[in-house]
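Q: What follows is a single structure, and I will ask about it in a moment.
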Amino acid sequence: MKDLSLHLIDILQNSTRAEATEVYVGLIYNETDKTLTLSIKDNGKGMSAEMVKNVTDPFCTSRTTRKVGLGIPLLKQNAEKTEGNFQIKSELNQGTTVSAVFKYEHVDMLPLGDIGGAMALTISSWEKTEFEFDYKKGDNEFNLKTQDMKEVLEGVPLSNPQVINYIKEIINENIK
Amino acid sequence: MNKIKSLDDLRKIKADVEGKMKLREHSENAENLVQIKVAMATCGIASGAKTVMDFLVSDLDKRNIPAVVTQTGCMGYCYAEPTIEVTKPGEEPIVFGYVDTKKAEEIITKYILTGELVDGIIPVNYEKIEDKKN
Ligand SMILES: Nc1ncnc2c1ncn2[C@@H]1O[C@H](COP(=O)(O)OP(=O)(O)O)[C@@H](O)[C@H]1O
Ligand SMILES: [Mg+2]
């Protein structure tokens, strides 16, 4: 994957496929440690301890359409390349948290890419799932929840192109 | 701490969208929308599906074609990614492979607007994407 936004779309799809109804995305900088933590937490169907152990292995997938699962191994590899780390916590029927820690000053750090677009295209594709996006870098903080947006929209769908563009821009503006 | 845009901007967008929806009332019904699914599992994303999806959303909007573009999981055609499934109102879905923005433009101009077929159709022995278990 050429940037973090593409990983984000990919990992979020694991959550929606696991039938999560609530998904949290955190993009949190720690300027003391020079780390950026991307975390995705869902309340989907979770994984067994056995599955969690195997999931960073590229041949592990529960899909039947294709034999290898590469999403998680690729994210882990990109985090570790920056001398960061990677973790998955999961419990059956409870949910899953994936956290990738990047050392953002490392030469192998990926660009962020279009994080706003990644969120917008995911939010608009799974309108029934509630998403929360959370950003922190020093004194800059930004938070966006689909619940709040739905209240304002009163039935105008999140998949409306103008709404998609709004989500993309509000996020990208605020994480500059 | 919203810097430039806030939920107030969303309120304006909502009013604007509702105004437009009134103008073209019947074309907004779900059955009159062109539905496009973009396969965005790992292989799809790695081969450029996000760029294609961005293009489809904005180009259809620009041309005022009522449509809903959504992501879907692995369609099982990794070799032909990015792939998209296009369903015109009242018609059977058609899956196109190797879609880049140029191909997407051609699909809109030819297949969606005039019904002309374009290269890159993947024969599907018939099973819609939703019916597939990821
Ligand atoms: N958030 C999640 N909730 C439940 N299961 C998950 C989650 N993320 C990953 N998995 C499991 O791990 C497997 C491997 O994930 P991944 O590496 O992304 O490959 P793929 O999604 O292509 O199978 C998935 O098929 C799924 O069974
Ligand atoms: Mg995956």
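Within each chain, counting starts at residue 1; across the structure tokens, chains are named A, B, ... in the order shown, with ligands numbered 1 upward in that order.
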Tell me, as a list in words, which residues lie within 7 Å of stretch 92-101 of chain A, counting only C-alpha atoms; anything in the same chain fewer than 6 positions away does not count.
A: Thr35, Leu36, Thr37, Leu38, Ser39, Ile40, Lys41, Asp42, Asn43, Gly44, Lys45, Gly46, Met47, Ser48, Lys76, Ala79, Gly84, Asn85 and Phe86 of chain A
Q: Kindly export the residues of the current selection with all heavy atoms, as a tab-separated table (two decimals), in the first residue's frame.
A:
```
chain	number	residue	atom	x	y	z
A	35	THR	N	5.93	9.32	17.53
A	35	THR	CA	5.16	8.20	16.99
A	35	THR	C	3.77	8.68	16.54
A	35	THR	O	3.23	9.64	17.05
A	35	THR	CB	4.93	7.09	18.03
A	35	THR	OG1	4.26	7.62	19.17
A	35	THR	CG2	6.24	6.43	18.44
A	36	LEU	N	3.27	7.95	15.55
A	36	LEU	CA	1.90	8.13	15.10
A	36	LEU	C	1.22	6.78	15.27
A	36	LEU	O	1.70	5.77	14.76
A	36	LEU	CB	1.87	8.53	13.62
A	36	LEU	CG	0.49	8.44	12.94
A	36	LEU	CD1	-0.52	9.36	13.59
A	36	LEU	CD2	0.61	8.76	11.45
A	37	THR	N	0.15	6.77	16.04
A	37	THR	CA	-0.58	5.52	16.23
A	37	THR	C	-1.89	5.56	15.46
A	37	THR	O	-2.71	6.46	15.66
A	37	THR	CB	-0.88	5.27	17.73
A	37	THR	OG1	0.37	5.27	18.43
A	37	THR	CG2	-1.58	3.92	17.94
A	38	LEU	N	-2.05	4.59	14.58
A	38	LEU	CA	-3.32	4.43	13.86
A	38	LEU	C	-4.03	3.28	14.54
A	38	LEU	O	-3.51	2.16	14.58
A	38	LEU	CB	-3.05	4.10	12.39
A	38	LEU	CG	-4.28	3.73	11.56
A	38	LEU	CD1	-5.23	4.90	11.40
A	38	LEU	CD2	-3.86	3.20	10.18
A	39	SER	N	-5.18	3.57	15.14
A	39	SER	CA	-5.90	2.45	15.74
A	39	SER	C	-7.32	2.37	15.21
A	39	SER	O	-7.96	3.38	14.92
A	39	SER	CB	-5.87	2.52	17.26
A	39	SER	OG	-6.35	3.76	17.69
A	40	ILE	N	-7.77	1.14	15.05
A	40	ILE	CA	-9.12	0.88	14.56
A	40	ILE	C	-9.75	-0.10	15.52
A	40	ILE	O	-9.25	-1.20	15.72
A	40	ILE	CB	-9.11	0.27	13.13
A	40	ILE	CG1	-8.56	1.30	12.13
A	40	ILE	CG2	-10.51	-0.12	12.68
A	40	ILE	CD1	-7.19	1.03	11.65
A	41	LYS	N	-10.82	0.36	16.15
A	41	LYS	CA	-11.46	-0.46	17.18
A	41	LYS	C	-12.90	-0.72	16.75
A	41	LYS	O	-13.62	0.20	16.39
A	41	LYS	CB	-11.44	0.32	18.49
A	41	LYS	CG	-12.05	-0.38	19.67
A	41	LYS	CD	-11.82	0.47	20.93
A	41	LYS	CE	-12.06	-0.35	22.17
A	41	LYS	NZ	-13.32	-0.33	22.75
A	42	ASP	N	-13.30	-1.98	16.76
A	42	ASP	CA	-14.68	-2.28	16.39
A	42	ASP	C	-15.36	-3.19	17.39
A	42	ASP	O	-14.71	-3.82	18.20
A	42	ASP	CB	-14.73	-2.88	14.97
A	42	ASP	CG	-14.15	-4.29	14.89
A	42	ASP	OD1	-14.61	-5.18	15.62
A	42	ASP	OD2	-13.23	-4.50	14.06
A	43	ASN	N	-16.68	-3.23	17.31
A	43	ASN	CA	-17.45	-4.14	18.17
A	43	ASN	C	-18.02	-5.30	17.35
A	43	ASN	O	-19.12	-5.78	17.62
A	43	ASN	CB	-18.56	-3.37	18.90
A	43	ASN	CG	-19.64	-2.89	17.93
A	43	ASN	OD1	-19.44	-2.91	16.72
A	43	ASN	ND2	-20.78	-2.48	18.46
A	44	GLY	N	-17.28	-5.70	16.35
A	44	GLY	CA	-17.72	-6.80	15.48
A	44	GLY	C	-17.54	-8.16	16.13
A	44	GLY	O	-17.30	-8.26	17.33
A	45	LYS	N	-17.60	-9.20	15.30
A	45	LYS	CA	-17.67	-10.54	15.87
A	45	LYS	C	-16.36	-11.06	16.46
A	45	LYS	O	-16.34	-12.12	17.10
A	45	LYS	CB	-18.24	-11.53	14.86
A	45	LYS	CG	-17.39	-11.74	13.64
A	45	LYS	CD	-18.11	-12.66	12.64
A	45	LYS	CE	-17.22	-12.88	11.44
A	45	LYS	NZ	-17.95	-13.18	10.22
A	46	GLY	N	-15.28	-10.33	16.28
A	46	GLY	CA	-14.04	-10.69	16.94
A	46	GLY	C	-13.40	-11.97	16.41
A	46	GLY	O	-13.86	-12.55	15.44
A	47	MET	N	-12.30	-12.34	17.06
A	47	MET	CA	-11.57	-13.54	16.62
A	47	MET	C	-11.20	-14.38	17.84
A	47	MET	O	-11.01	-13.85	18.93
A	47	MET	CB	-10.26	-13.13	15.94
A	47	MET	CG	-10.42	-12.51	14.58
A	47	MET	SD	-8.82	-11.97	13.94
A	47	MET	CE	-8.87	-10.25	14.37
A	48	SER	N	-11.01	-15.65	17.60
A	48	SER	CA	-10.53	-16.54	18.65
A	48	SER	C	-9.05	-16.24	18.90
A	48	SER	O	-8.37	-15.65	18.04
A	48	SER	CB	-10.69	-17.99	18.21
A	48	SER	OG	-9.85	-18.21	17.10
A	76	LYS	N	1.24	-4.42	9.26
A	76	LYS	CA	2.24	-4.75	10.28
A	76	LYS	C	3.65	-4.47	9.73
A	76	LYS	O	4.47	-3.81	10.37
A	76	LYS	CB	2.10	-6.22	10.66
A	76	LYS	CG	3.11	-6.71	11.69
A	76	LYS	CD	2.77	-8.13	12.13
A	76	LYS	CE	3.60	-8.58	13.30
A	76	LYS	NZ	4.85	-9.25	12.89
A	79	ALA	N	4.45	-0.77	9.52
A	79	ALA	CA	4.70	-0.17	10.84
A	79	ALA	C	6.09	-0.59	11.32
A	79	ALA	O	6.88	0.25	11.78
A	79	ALA	CB	3.64	-0.62	11.83
A	84	GLY	N	8.48	0.90	14.32
A	84	GLY	CA	7.31	1.01	15.18
A	84	GLY	C	6.87	-0.38	15.61
A	84	GLY	O	7.68	-1.31	15.63
A	85	ASN	N	5.60	-0.52	15.91
A	85	ASN	CA	5.12	-1.86	16.25
A	85	ASN	C	3.65	-2.02	15.90
A	85	ASN	O	2.99	-1.08	15.48
A	85	ASN	CB	5.39	-2.18	17.72
A	85	ASN	CG	4.67	-1.21	18.64
A	85	ASN	OD1	3.46	-1.30	18.81
A	85	ASN	ND2	5.41	-0.26	19.19
A	86	PHE	N	3.19	-3.21	16.10
A	86	PHE	CA	1.85	-3.56	15.64
A	86	PHE	C	1.18	-4.50	16.62
A	86	PHE	O	1.83	-5.40	17.16
A	86	PHE	CB	1.97	-4.25	14.28
A	86	PHE	CG	0.64	-4.62	13.71
A	86	PHE	CD1	-0.09	-3.70	13.00
A	86	PHE	CD2	0.12	-5.90	13.92
A	86	PHE	CE1	-1.34	-4.03	12.49
A	86	PHE	CE2	-1.13	-6.23	13.41
A	86	PHE	CZ	-1.86	-5.29	12.69
```
Q: Please check the contacts: residues of chain A at most 6 Å away from chain B, using only C-alpha atoms, listed as a list in words.
A: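 The selection requested is Met1, Asp10, Arg63, Thr65, Gly71, Ser125, Phe142, Leu153 and Ile170 of chain A.
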Q: Within stretch 60-118 of chain B, find each residue whose DSSP state, derived from the backbone, is strand (DSSP E), and express the selection as a VMD selection string.
A: chain B and resid 67 to 72 84 to 87 94 to 96
Q: Give me, as a list in words, all polymer residues having an atom no more than 6 Å from A:Ser5, counting only C-alpha atoms and skipping those fewer than 2 positions away in the same chain.
A: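 Those residues are Asp3, His7, Leu8, Leu112, Gly113, Asp114, Ile115 and Ala118 of chain A.
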Q: Using only C-alpha atoms and all ligand atoms, find each residue of chain A with at least one atom at most 7 Å away from an atom of ligand 2; report its shortest atom-to-atom pair and that distance in Å (one decimal), sort the rows by chain and rising residue number, and return the result as a tab-separated table.
A:
```
residue	atom	partner	partner_atom_place_in_ligand_line	distance
A:Asp10	CA	ligand 2	1 (Mg)	5.6
A:Ile11	CA	ligand 2	1 (Mg)	5.7
A:Gln13	CA	ligand 2	1 (Mg)	6.2
A:Asn14	CA	ligand 2	1 (Mg)	4.9
A:Gly69	CA	ligand 2	1 (Mg)	6.3
A:Leu70	CA	ligand 2	1 (Mg)	6.7
A:Gly71	CA	ligand 2	1 (Mg)	4.5
A:Ile72	CA	ligand 2	1 (Mg)	6.5
```
Q: What lies within 7 Å of B:Ile94 using only C-alpha atoms, ignoring chain neighbours under 4 positions off, as number ranges by chain?
A: B: 85-87, 121
Q: Could you give me, as a ChimeraX atom specification, the residues within 9 Å of A:Ile123, counting only C-alpha atoms and dropping anything in the same chain fewer than 6 positions from it?
A: /A:129-131,146,158-159,164,167
Q: Just want the 10 Å neighbourhood of A:Asp108, counted on only C-alpha atoms, with same-chain residues fewer than 2 positions away dropped. Output as a PyMOL selection string.
A: chain A and resi 78-83+102-106+110-111
Q: Can you tell me which residues surround B:Thr83 at a distance of at most 7 Å, considering only C-alpha atoms, apart from same-chain residues fewer than 3 positions away, and format the answer as a list in words?
A: Val38, Ala39, Ala80, Val95, Phe96, Gly97, Tyr98 and Val99 of chain B
